[in-house]
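Trainee: Provided below: entry_5.cif, containing mmCIF, N, CA and C atoms.
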data_my_file
loop_
_atom_site.label_atom_id
_atom_site.label_comp_id
_atom_site.auth_asym_id
_atom_site.auth_seq_id
_atom_site.Cartn_x
_atom_site.Cartn_y
_atom_site.Cartn_z
N MET A 1480 -151.96 -3.58 108.88
CA MET A 1480 -152.06 -2.14 109.07
C MET A 1480 -151.54 -1.74 110.45
N SER A 1481 -151.63 -2.63 111.37
CA SER A 1481 -151.20 -2.28 112.72
C SER A 1481 -149.69 -2.44 112.90
N PHE A 1482 -149.02 -2.96 111.89
CA PHE A 1482 -147.58 -3.12 111.99
C PHE A 1482 -146.85 -1.88 111.49
N GLN A 1483 -146.97 -0.82 112.25
CA GLN A 1483 -146.25 0.41 112.02
C GLN A 1483 -145.53 0.76 113.30
N GLU A 1484 -144.36 1.39 113.18
CA GLU A 1484 -143.63 1.79 114.38
C GLU A 1484 -144.52 2.61 115.29
N SER A 1485 -145.22 3.56 114.71
CA SER A 1485 -146.16 4.40 115.44
C SER A 1485 -147.49 4.32 114.70
N PHE A 1486 -148.50 3.71 115.34
CA PHE A 1486 -149.77 3.44 114.67
C PHE A 1486 -150.35 4.70 114.04
N ALA A 1487 -150.76 4.60 112.80
CA ALA A 1487 -151.42 5.65 112.01
C ALA A 1487 -150.50 6.80 111.65
N LYS A 1488 -149.21 6.65 111.87
CA LYS A 1488 -148.27 7.69 111.47
C LYS A 1488 -148.23 7.81 109.94
N LYS A 1489 -148.42 6.68 109.27
CA LYS A 1489 -148.41 6.67 107.81
C LYS A 1489 -149.80 6.34 107.31
N SER A 1490 -150.68 7.35 107.32
CA SER A 1490 -152.03 7.17 106.80
C SER A 1490 -152.22 8.12 105.62
N TYR A 1491 -152.95 7.64 104.63
CA TYR A 1491 -153.08 8.36 103.36
C TYR A 1491 -154.53 8.43 102.92
N SER A 1492 -154.85 9.48 102.17
CA SER A 1492 -156.15 9.55 101.52
C SER A 1492 -156.19 8.52 100.40
N VAL A 1493 -157.36 8.28 99.84
CA VAL A 1493 -157.50 7.31 98.74
C VAL A 1493 -156.58 7.69 97.58
N LEU A 1494 -156.62 8.94 97.17
CA LEU A 1494 -155.80 9.41 96.05
C LEU A 1494 -154.31 9.24 96.34
N ASN A 1495 -153.89 9.66 97.54
CA ASN A 1495 -152.47 9.55 97.88
C ASN A 1495 -152.03 8.11 98.07
N ALA A 1496 -152.92 7.25 98.54
CA ALA A 1496 -152.59 5.83 98.68
C ALA A 1496 -152.33 5.22 97.31
N GLU A 1497 -153.16 5.56 96.34
CA GLU A 1497 -152.96 5.04 94.98
C GLU A 1497 -151.65 5.56 94.38
N LYS A 1498 -151.34 6.82 94.62
CA LYS A 1498 -150.06 7.38 94.14
C LYS A 1498 -148.88 6.67 94.80
N PHE A 1499 -149.00 6.42 96.10
CA PHE A 1499 -147.93 5.75 96.83
C PHE A 1499 -147.69 4.34 96.28
N VAL A 1500 -148.75 3.60 96.06
CA VAL A 1500 -148.63 2.25 95.52
C VAL A 1500 -147.97 2.28 94.14
N ASP A 1501 -148.26 3.31 93.36
CA ASP A 1501 -147.67 3.43 92.03
C ASP A 1501 -146.22 3.91 92.06
N GLY A 1502 -145.69 4.21 93.26
CA GLY A 1502 -144.27 4.53 93.35
C GLY A 1502 -143.92 5.92 93.81
N ASP A 1503 -144.88 6.79 94.01
CA ASP A 1503 -144.60 8.15 94.47
C ASP A 1503 -144.41 8.13 95.99
N ILE A 1504 -143.17 8.25 96.44
CA ILE A 1504 -142.91 8.19 97.88
C ILE A 1504 -142.81 9.58 98.50
N THR A 1505 -143.09 10.62 97.72
CA THR A 1505 -143.00 11.98 98.24
C THR A 1505 -144.34 12.54 98.68
N ILE A 1506 -145.38 11.73 98.64
CA ILE A 1506 -146.71 12.23 98.99
C ILE A 1506 -146.85 12.46 100.49
N GLU A 1507 -147.78 13.32 100.84
CA GLU A 1507 -148.00 13.68 102.23
C GLU A 1507 -148.92 12.68 102.93
N THR A 1508 -148.65 12.48 104.21
CA THR A 1508 -149.57 11.69 105.03
C THR A 1508 -150.68 12.62 105.49
N GLU A 1509 -151.72 12.05 106.10
CA GLU A 1509 -152.84 12.86 106.57
C GLU A 1509 -153.23 12.40 107.97
N ASN A 1510 -154.06 13.18 108.62
CA ASN A 1510 -154.61 12.74 109.91
C ASN A 1510 -155.54 11.57 109.66
N ILE A 1511 -155.50 10.63 110.55
CA ILE A 1511 -156.27 9.40 110.37
C ILE A 1511 -157.77 9.64 110.50
N ASN A 1512 -158.53 8.96 109.63
CA ASN A 1512 -159.99 8.91 109.72
C ASN A 1512 -160.44 7.57 109.16
N ALA A 1513 -161.73 7.32 109.13
CA ALA A 1513 -162.24 6.01 108.69
C ALA A 1513 -161.90 5.70 107.24
N ASP A 1514 -161.74 6.72 106.41
CA ASP A 1514 -161.44 6.51 104.99
C ASP A 1514 -159.94 6.44 104.69
N SER A 1515 -159.12 6.55 105.71
CA SER A 1515 -157.66 6.52 105.52
C SER A 1515 -157.17 5.13 105.17
N TYR A 1516 -156.11 5.12 104.39
CA TYR A 1516 -155.38 3.89 104.11
C TYR A 1516 -154.11 3.92 104.95
N LEU A 1517 -153.81 2.80 105.60
CA LEU A 1517 -152.61 2.69 106.42
C LEU A 1517 -151.60 1.78 105.74
N LEU A 1518 -150.36 2.18 105.80
CA LEU A 1518 -149.28 1.41 105.21
C LEU A 1518 -148.89 0.25 106.12
N SER A 1519 -148.77 -0.93 105.56
CA SER A 1519 -148.26 -2.06 106.31
C SER A 1519 -146.74 -2.06 106.20
N GLU A 1520 -146.07 -2.04 107.34
CA GLU A 1520 -144.61 -2.09 107.35
C GLU A 1520 -144.11 -3.47 107.76
N LEU A 1521 -145.00 -4.44 107.78
CA LEU A 1521 -144.64 -5.79 108.21
C LEU A 1521 -143.70 -6.46 107.22
N THR A 1522 -143.94 -6.28 105.95
CA THR A 1522 -143.17 -6.98 104.93
C THR A 1522 -142.10 -6.08 104.34
N GLN A 1523 -140.88 -6.53 104.42
CA GLN A 1523 -139.77 -5.79 103.85
C GLN A 1523 -139.42 -6.37 102.48
N ALA A 1524 -139.15 -5.51 101.56
CA ALA A 1524 -138.74 -5.95 100.22
C ALA A 1524 -137.36 -6.59 100.29
N ASN A 1525 -137.06 -7.40 99.32
CA ASN A 1525 -135.72 -7.97 99.20
C ASN A 1525 -135.38 -8.01 97.71
N GLU A 1526 -134.31 -8.70 97.36
CA GLU A 1526 -133.89 -8.68 95.96
C GLU A 1526 -134.84 -9.43 95.03
N LEU A 1527 -135.69 -10.28 95.58
CA LEU A 1527 -136.64 -11.04 94.76
C LEU A 1527 -137.92 -10.26 94.47
N PHE A 1528 -138.39 -9.49 95.43
CA PHE A 1528 -139.65 -8.77 95.22
C PHE A 1528 -139.69 -7.45 95.98
N LYS A 1529 -140.56 -6.57 95.48
CA LYS A 1529 -140.88 -5.31 96.15
C LYS A 1529 -142.39 -5.32 96.37
N LEU A 1530 -142.80 -4.88 97.55
CA LEU A 1530 -144.21 -4.90 97.88
C LEU A 1530 -144.61 -3.62 98.59
N ARG A 1531 -145.68 -3.01 98.11
CA ARG A 1531 -146.32 -1.90 98.82
C ARG A 1531 -147.75 -2.34 99.05
N ILE A 1532 -148.17 -2.29 100.31
CA ILE A 1532 -149.52 -2.72 100.64
C ILE A 1532 -150.11 -1.78 101.68
N LEU A 1533 -151.33 -1.32 101.38
CA LEU A 1533 -152.05 -0.43 102.28
C LEU A 1533 -153.45 -0.97 102.48
N GLY A 1534 -153.99 -0.75 103.66
CA GLY A 1534 -155.34 -1.21 103.96
C GLY A 1534 -156.19 -0.07 104.49
N LYS A 1535 -157.45 -0.08 104.12
CA LYS A 1535 -158.39 0.96 104.54
C LYS A 1535 -159.02 0.57 105.87
N LEU A 1536 -159.05 1.51 106.81
CA LEU A 1536 -159.61 1.24 108.13
C LEU A 1536 -161.08 0.88 108.09
N LYS A 1537 -161.83 1.59 107.29
CA LYS A 1537 -163.29 1.47 107.27
C LYS A 1537 -163.78 0.07 106.89
N ASN A 1538 -163.18 -0.50 105.85
CA ASN A 1538 -163.69 -1.78 105.34
C ASN A 1538 -162.58 -2.79 105.02
N PHE A 1539 -161.37 -2.48 105.41
CA PHE A 1539 -160.21 -3.34 105.19
C PHE A 1539 -159.93 -3.60 103.71
N ASN A 1540 -160.36 -2.68 102.85
CA ASN A 1540 -160.01 -2.77 101.43
C ASN A 1540 -158.49 -2.66 101.31
N VAL A 1541 -157.91 -3.45 100.44
CA VAL A 1541 -156.45 -3.48 100.29
C VAL A 1541 -156.05 -2.97 98.91
N ILE A 1542 -155.05 -2.11 98.91
CA ILE A 1542 -154.40 -1.65 97.68
C ILE A 1542 -152.97 -2.16 97.76
N SER A 1543 -152.51 -2.81 96.71
CA SER A 1543 -151.15 -3.33 96.77
C SER A 1543 -150.49 -3.33 95.40
N LYS A 1544 -149.18 -3.37 95.44
CA LYS A 1544 -148.39 -3.55 94.23
C LYS A 1544 -147.26 -4.50 94.58
N PHE A 1545 -147.19 -5.58 93.85
CA PHE A 1545 -146.23 -6.65 94.11
C PHE A 1545 -145.37 -6.79 92.87
N GLU A 1546 -144.12 -6.34 92.93
CA GLU A 1546 -143.22 -6.40 91.78
C GLU A 1546 -142.21 -7.51 91.99
N ILE A 1547 -142.11 -8.38 91.01
CA ILE A 1547 -141.22 -9.53 91.11
C ILE A 1547 -140.02 -9.31 90.19
N GLU A 1548 -138.84 -9.54 90.74
CA GLU A 1548 -137.60 -9.41 89.98
C GLU A 1548 -137.22 -10.77 89.39
N LYS A 1549 -136.60 -10.74 88.25
CA LYS A 1549 -136.12 -11.98 87.63
C LYS A 1549 -134.66 -12.19 88.05
N LEU A 1550 -134.41 -13.28 88.72
CA LEU A 1550 -133.07 -13.59 89.23
C LEU A 1550 -132.58 -14.92 88.67
N ASP A 1551 -131.27 -15.05 88.58
CA ASP A 1551 -130.68 -16.31 88.14
C ASP A 1551 -130.71 -17.36 89.25
N PHE A 1552 -130.60 -16.89 90.49
CA PHE A 1552 -130.60 -17.77 91.64
C PHE A 1552 -131.52 -17.18 92.71
N ILE A 1553 -132.35 -18.02 93.32
CA ILE A 1553 -133.26 -17.55 94.35
C ILE A 1553 -133.00 -18.32 95.64
N ASP A 1554 -132.71 -17.58 96.69
CA ASP A 1554 -132.51 -18.17 98.00
C ASP A 1554 -133.82 -18.82 98.48
N LYS A 1555 -133.72 -19.96 99.12
CA LYS A 1555 -134.91 -20.71 99.55
C LYS A 1555 -135.78 -19.90 100.51
N VAL A 1556 -135.18 -19.21 101.45
CA VAL A 1556 -135.94 -18.42 102.43
C VAL A 1556 -136.70 -17.29 101.73
N MET A 1557 -136.04 -16.60 100.79
CA MET A 1557 -136.71 -15.54 100.03
C MET A 1557 -137.87 -16.12 99.22
N TRP A 1558 -137.65 -17.29 98.63
CA TRP A 1558 -138.70 -17.94 97.83
C TRP A 1558 -139.91 -18.27 98.70
N GLU A 1559 -139.68 -18.78 99.89
CA GLU A 1559 -140.78 -19.11 100.80
C GLU A 1559 -141.55 -17.86 101.21
N ARG A 1560 -140.84 -16.77 101.50
CA ARG A 1560 -141.51 -15.50 101.84
C ARG A 1560 -142.36 -15.01 100.66
N PHE A 1561 -141.77 -15.08 99.49
CA PHE A 1561 -142.48 -14.66 98.29
C PHE A 1561 -143.76 -15.47 98.10
N LEU A 1562 -143.66 -16.79 98.19
CA LEU A 1562 -144.81 -17.66 97.98
C LEU A 1562 -145.91 -17.39 99.01
N ARG A 1563 -145.53 -17.17 100.25
CA ARG A 1563 -146.50 -16.88 101.31
C ARG A 1563 -147.25 -15.59 100.99
N LEU A 1564 -146.53 -14.55 100.64
CA LEU A 1564 -147.16 -13.27 100.31
C LEU A 1564 -148.01 -13.36 99.05
N TYR A 1565 -147.48 -14.00 98.03
CA TYR A 1565 -148.20 -14.14 96.77
C TYR A 1565 -149.54 -14.85 97.01
N SER A 1566 -149.52 -15.91 97.78
CA SER A 1566 -150.73 -16.68 98.06
C SER A 1566 -151.74 -15.83 98.83
N LEU A 1567 -151.28 -15.09 99.82
CA LEU A 1567 -152.18 -14.23 100.59
C LEU A 1567 -152.80 -13.13 99.73
N LEU A 1568 -152.00 -12.52 98.89
CA LEU A 1568 -152.51 -11.44 98.05
C LEU A 1568 -153.51 -11.97 97.02
N LYS A 1569 -153.32 -13.18 96.54
CA LYS A 1569 -154.28 -13.77 95.60
C LYS A 1569 -155.62 -14.03 96.29
N LEU A 1570 -155.59 -14.38 97.57
CA LEU A 1570 -156.82 -14.59 98.32
C LEU A 1570 -157.58 -13.29 98.51
N ILE A 1571 -156.87 -12.20 98.69
CA ILE A 1571 -157.49 -10.89 98.94
C ILE A 1571 -158.17 -10.37 97.69
N LYS A 1572 -157.58 -10.57 96.54
CA LYS A 1572 -158.11 -9.99 95.30
C LYS A 1572 -159.20 -10.78 94.70
#
Would it be possible to restate this file's structure as structure tokens?
Mentor:
Amino acid sequence: MSFQESFAKKSYSVLNAEKFVDGDITIETENINADSYLLSELTQANELFKLRILGKLKNFNVISKFEIEKLDFIDKVMWERFLRLYSLLKLIK
């Protein structure tokens, strides 16, 4: 959550965080409070996967969507990034 260019610039209400994870990128941000969800900008998507992950300040609850693409060839570095993220997200849920 702290990996944002400007901390708390991208904070969302519970409802808007769920919409964002489902793919709506036109939703409004809000002023930060304990119930806000913050977008993690640490992980960048690539051709193998797309990831949206937000965490709640109050209790570190995580909302995420991890979409995996089917490719004929997978670069080793991309595969390692994918496996690292996949393993971490499985621990959280």
Trainee: Contacts of range 1539-1545 of chain A at 12 Å or less, counting only C-alpha atoms, minus same-chain residues fewer than 6 places along, as a PDB file with N, CA and C atoms, in the coordinates of the input?
Mentor:
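The result, stored in around21.pdb:
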ATOM      1  N   MET A1480    -151.960  -3.580 108.880  1.00  0.00           N
ATOM      2  CA  MET A1480    -152.060  -2.140 109.070  1.00  0.00           C
ATOM      3  C   MET A1480    -151.540  -1.740 110.450  1.00  0.00           C
ATOM      4  N   SER A1481    -151.630  -2.630 111.370  1.00  0.00           N
ATOM      5  CA  SER A1481    -151.200  -2.280 112.720  1.00  0.00           C
ATOM      6  C   SER A1481    -149.690  -2.440 112.900  1.00  0.00           C
ATOM      7  N   TYR A1491    -152.950   7.640 104.630  1.00  0.00           N
ATOM      8  CA  TYR A1491    -153.080   8.360 103.360  1.00  0.00           C
ATOM      9  C   TYR A1491    -154.530   8.430 102.920  1.00  0.00           C
ATOM     10  N   SER A1492    -154.850   9.480 102.170  1.00  0.00           N
ATOM     11  CA  SER A1492    -156.150   9.550 101.520  1.00  0.00           C
ATOM     12  C   SER A1492    -156.190   8.520 100.400  1.00  0.00           C
ATOM     13  N   VAL A1493    -157.360   8.280  99.840  1.00  0.00           N
ATOM     14  CA  VAL A1493    -157.500   7.310  98.740  1.00  0.00           C
ATOM     15  C   VAL A1493    -156.580   7.690  97.580  1.00  0.00           C
ATOM     16  N   LEU A1494    -156.620   8.940  97.170  1.00  0.00           N
ATOM     17  CA  LEU A1494    -155.800   9.410  96.050  1.00  0.00           C
ATOM     18  C   LEU A1494    -154.310   9.240  96.340  1.00  0.00           C
ATOM     19  N   ASN A1495    -153.890   9.660  97.540  1.00  0.00           N
ATOM     20  CA  ASN A1495    -152.470   9.550  97.880  1.00  0.00           C
ATOM     21  C   ASN A1495    -152.030   8.110  98.070  1.00  0.00           C
ATOM     22  N   ALA A1496    -152.920   7.250  98.540  1.00  0.00           N
ATOM     23  CA  ALA A1496    -152.590   5.830  98.680  1.00  0.00           C
ATOM     24  C   ALA A1496    -152.330   5.220  97.310  1.00  0.00           C
ATOM     25  N   GLU A1497    -153.160   5.560  96.340  1.00  0.00           N
ATOM     26  CA  GLU A1497    -152.960   5.040  94.980  1.00  0.00           C
ATOM     27  C   GLU A1497    -151.650   5.560  94.380  1.00  0.00           C
ATOM     28  N   LYS A1498    -151.340   6.820  94.620  1.00  0.00           N
ATOM     29  CA  LYS A1498    -150.060   7.380  94.140  1.00  0.00           C
ATOM     30  C   LYS A1498    -148.880   6.670  94.800  1.00  0.00           C
ATOM     31  N   PHE A1499    -149.000   6.420  96.100  1.00  0.00           N
ATOM     32  CA  PHE A1499    -147.930   5.750  96.830  1.00  0.00           C
ATOM     33  C   PHE A1499    -147.690   4.340  96.280  1.00  0.00           C
ATOM     34  N   VAL A1500    -148.750   3.600  96.060  1.00  0.00           N
ATOM     35  CA  VAL A1500    -148.630   2.250  95.520  1.00  0.00           C
ATOM     36  C   VAL A1500    -147.970   2.280  94.140  1.00  0.00           C
ATOM     37  N   ASP A1501    -148.260   3.310  93.360  1.00  0.00           N
ATOM     38  CA  ASP A1501    -147.670   3.430  92.030  1.00  0.00           C
ATOM     39  C   ASP A1501    -146.220   3.910  92.060  1.00  0.00           C
ATOM     40  N   GLY A1502    -145.690   4.210  93.260  1.00  0.00           N
ATOM     41  CA  GLY A1502    -144.270   4.530  93.350  1.00  0.00           C
ATOM     42  C   GLY A1502    -143.920   5.920  93.810  1.00  0.00           C
ATOM     43  N   ALA A1513    -161.730   7.320 109.130  1.00  0.00           N
ATOM     44  CA  ALA A1513    -162.240   6.010 108.690  1.00  0.00           C
ATOM     45  C   ALA A1513    -161.900   5.700 107.240  1.00  0.00           C
ATOM     46  N   ASP A1514    -161.740   6.720 106.410  1.00  0.00           N
ATOM     47  CA  ASP A1514    -161.440   6.510 104.990  1.00  0.00           C
ATOM     48  C   ASP A1514    -159.940   6.440 104.690  1.00  0.00           C
ATOM     49  N   SER A1515    -159.120   6.550 105.710  1.00  0.00           N
ATOM     50  CA  SER A1515    -157.660   6.520 105.520  1.00  0.00           C
ATOM     51  C   SER A1515    -157.170   5.130 105.170  1.00  0.00           C
ATOM     52  N   TYR A1516    -156.110   5.120 104.390  1.00  0.00           N
ATOM     53  CA  TYR A1516    -155.380   3.890 104.110  1.00  0.00           C
ATOM     54  C   TYR A1516    -154.110   3.920 104.950  1.00  0.00           C
ATOM     55  N   LEU A1517    -153.810   2.800 105.600  1.00  0.00           N
ATOM     56  CA  LEU A1517    -152.610   2.690 106.420  1.00  0.00           C
ATOM     57  C   LEU A1517    -151.600   1.780 105.740  1.00  0.00           C
ATOM     58  N   LEU A1518    -150.360   2.180 105.800  1.00  0.00           N
ATOM     59  CA  LEU A1518    -149.280   1.410 105.210  1.00  0.00           C
ATOM     60  C   LEU A1518    -148.890   0.250 106.120  1.00  0.00           C
ATOM     61  N   SER A1519    -148.770  -0.930 105.560  1.00  0.00           N
ATOM     62  CA  SER A1519    -148.260  -2.060 106.310  1.00  0.00           C
ATOM     63  C   SER A1519    -146.740  -2.060 106.200  1.00  0.00           C
ATOM     64  N   THR A1522    -143.940  -6.280 105.950  1.00  0.00           N
ATOM     65  CA  THR A1522    -143.170  -6.980 104.930  1.00  0.00           C
ATOM     66  C   THR A1522    -142.100  -6.080 104.340  1.00  0.00           C
ATOM     67  N   GLN A1523    -140.880  -6.530 104.420  1.00  0.00           N
ATOM     68  CA  GLN A1523    -139.770  -5.790 103.850  1.00  0.00           C
ATOM     69  C   GLN A1523    -139.420  -6.370 102.480  1.00  0.00           C
ATOM     70  N   ALA A1524    -139.150  -5.510 101.560  1.00  0.00           N
ATOM     71  CA  ALA A1524    -138.740  -5.950 100.220  1.00  0.00           C
ATOM     72  C   ALA A1524    -137.360  -6.590 100.290  1.00  0.00           C
ATOM     73  N   ASN A1525    -137.060  -7.400  99.320  1.00  0.00           N
ATOM     74  CA  ASN A1525    -135.720  -7.970  99.200  1.00  0.00           C
ATOM     75  C   ASN A1525    -135.380  -8.010  97.710  1.00  0.00           C
ATOM     76  N   LEU A1527    -135.690 -10.280  95.580  1.00  0.00           N
ATOM     77  CA  LEU A1527    -136.640 -11.040  94.760  1.00  0.00           C
ATOM     78  C   LEU A1527    -137.920 -10.260  94.470  1.00  0.00           C
ATOM     79  N   PHE A1528    -138.390  -9.490  95.430  1.00  0.00           N
ATOM     80  CA  PHE A1528    -139.650  -8.770  95.220  1.00  0.00           C
ATOM     81  C   PHE A1528    -139.690  -7.450  95.980  1.00  0.00           C
ATOM     82  N   LYS A1529    -140.560  -6.570  95.480  1.00  0.00           N
ATOM     83  CA  LYS A1529    -140.880  -5.310  96.150  1.00  0.00           C
ATOM     84  C   LYS A1529    -142.390  -5.320  96.370  1.00  0.00           C
ATOM     85  N   LEU A1530    -142.800  -4.880  97.550  1.00  0.00           N
ATOM     86  CA  LEU A1530    -144.210  -4.900  97.880  1.00  0.00           C
ATOM     87  C   LEU A1530    -144.610  -3.620  98.590  1.00  0.00           C
ATOM     88  N   ARG A1531    -145.680  -3.010  98.110  1.00  0.00           N
ATOM     89  CA  ARG A1531    -146.320  -1.900  98.820  1.00  0.00           C
ATOM     90  C   ARG A1531    -147.750  -2.340  99.050  1.00  0.00           C
ATOM     91  N   ILE A1532    -148.170  -2.290 100.310  1.00  0.00           N
ATOM     92  CA  ILE A1532    -149.520  -2.720 100.640  1.00  0.00           C
ATOM     93  C   ILE A1532    -150.110  -1.780 101.680  1.00  0.00           C
ATOM     94  N   LEU A1533    -151.330  -1.320 101.380  1.00  0.00           N
ATOM     95  CA  LEU A1533    -152.050  -0.430 102.280  1.00  0.00           C
ATOM     96  C   LEU A1533    -153.450  -0.970 102.480  1.00  0.00           C
ATOM     97  N   PHE A1561    -141.770 -15.080  99.490  1.00  0.00           N
ATOM     98  CA  PHE A1561    -142.480 -14.660  98.290  1.00  0.00           C
ATOM     99  C   PHE A1561    -143.760 -15.470  98.100  1.00  0.00           C
ATOM    100  N   LEU A1562    -143.660 -16.790  98.190  1.00  0.00           N
ATOM    101  CA  LEU A1562    -144.810 -17.660  97.980  1.00  0.00           C
ATOM    102  C   LEU A1562    -145.910 -17.390  99.010  1.00  0.00           C
ATOM    103  N   LEU A1564    -146.530 -14.550 100.640  1.00  0.00           N
ATOM    104  CA  LEU A1564    -147.160 -13.270 100.310  1.00  0.00           C
ATOM    105  C   LEU A1564    -148.010 -13.360  99.050  1.00  0.00           C
ATOM    106  N   TYR A1565    -147.480 -14.000  98.030  1.00  0.00           N
ATOM    107  CA  TYR A1565    -148.200 -14.140  96.770  1.00  0.00           C
ATOM    108  C   TYR A1565    -149.540 -14.850  97.010  1.00  0.00           C
ATOM    109  N   SER A1566    -149.520 -15.910  97.780  1.00  0.00           N
ATOM    110  CA  SER A1566    -150.730 -16.680  98.060  1.00  0.00           C
ATOM    111  C   SER A1566    -151.740 -15.830  98.830  1.00  0.00           C
ATOM    112  N   LEU A1567    -151.280 -15.090  99.820  1.00  0.00           N
ATOM    113  CA  LEU A1567    -152.180 -14.230 100.590  1.00  0.00           C
ATOM    114  C   LEU A1567    -152.800 -13.130  99.730  1.00  0.00           C
ATOM    115  N   LEU A1568    -152.000 -12.520  98.890  1.00  0.00           N
ATOM    116  CA  LEU A1568    -152.510 -11.440  98.050  1.00  0.00           C
ATOM    117  C   LEU A1568    -153.510 -11.970  97.020  1.00  0.00           C
ATOM    118  N   LYS A1569    -153.320 -13.180  96.540  1.00  0.00           N
ATOM    119  CA  LYS A1569    -154.280 -13.770  95.600  1.00  0.00           C
ATOM    120  C   LYS A1569    -155.620 -14.030  96.290  1.00  0.00           C
ATOM    121  N   LEU A1570    -155.590 -14.380  97.570  1.00  0.00           N
ATOM    122  CA  LEU A1570    -156.820 -14.590  98.320  1.00  0.00           C
ATOM    123  C   LEU A1570    -157.580 -13.290  98.510  1.00  0.00           C
ATOM    124  N   ILE A1571    -156.870 -12.200  98.690  1.00  0.00           N
ATOM    125  CA  ILE A1571    -157.490 -10.890  98.940  1.00  0.00           C
ATOM    126  C   ILE A1571    -158.170 -10.370  97.690  1.00  0.00           C
ATOM    127  N   LYS A1572    -157.580 -10.570  96.540  1.00  0.00           N
ATOM    128  CA  LYS A1572    -158.110  -9.990  95.300  1.00  0.00           C
ATOM    129  C   LYS A1572    -159.200 -10.780  94.700  1.00  0.00           C
TER     130      LYS A1572
END
Trainee: Give the alpha helix (DSSP H) residues of range 1509-1562 of chain A, as assigned by DSSP on the backbone, as a PyMOL selection string.
Mentor: chain A and resi 1555-1562
Trainee: According to DSSP computed on the backbone, where in range 1483-1544 of chain A is there strand (DSSP E or B)? Give the residues as number ranges by chain.
Mentor: A: 1490-1491, 1516-1518, 1528-1535, 1541-1544
Trainee: Compare A:Ile1504, A:Lys1489, A:Glu1526, A:Asn1510 by their minimum atom-to-atom distance to Glu1548 in chain A, counting all atoms listed in the file, and give me the closest one.
Mentor: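 Smallest separation from Glu1548 in chain A among the options: A:Glu1526.
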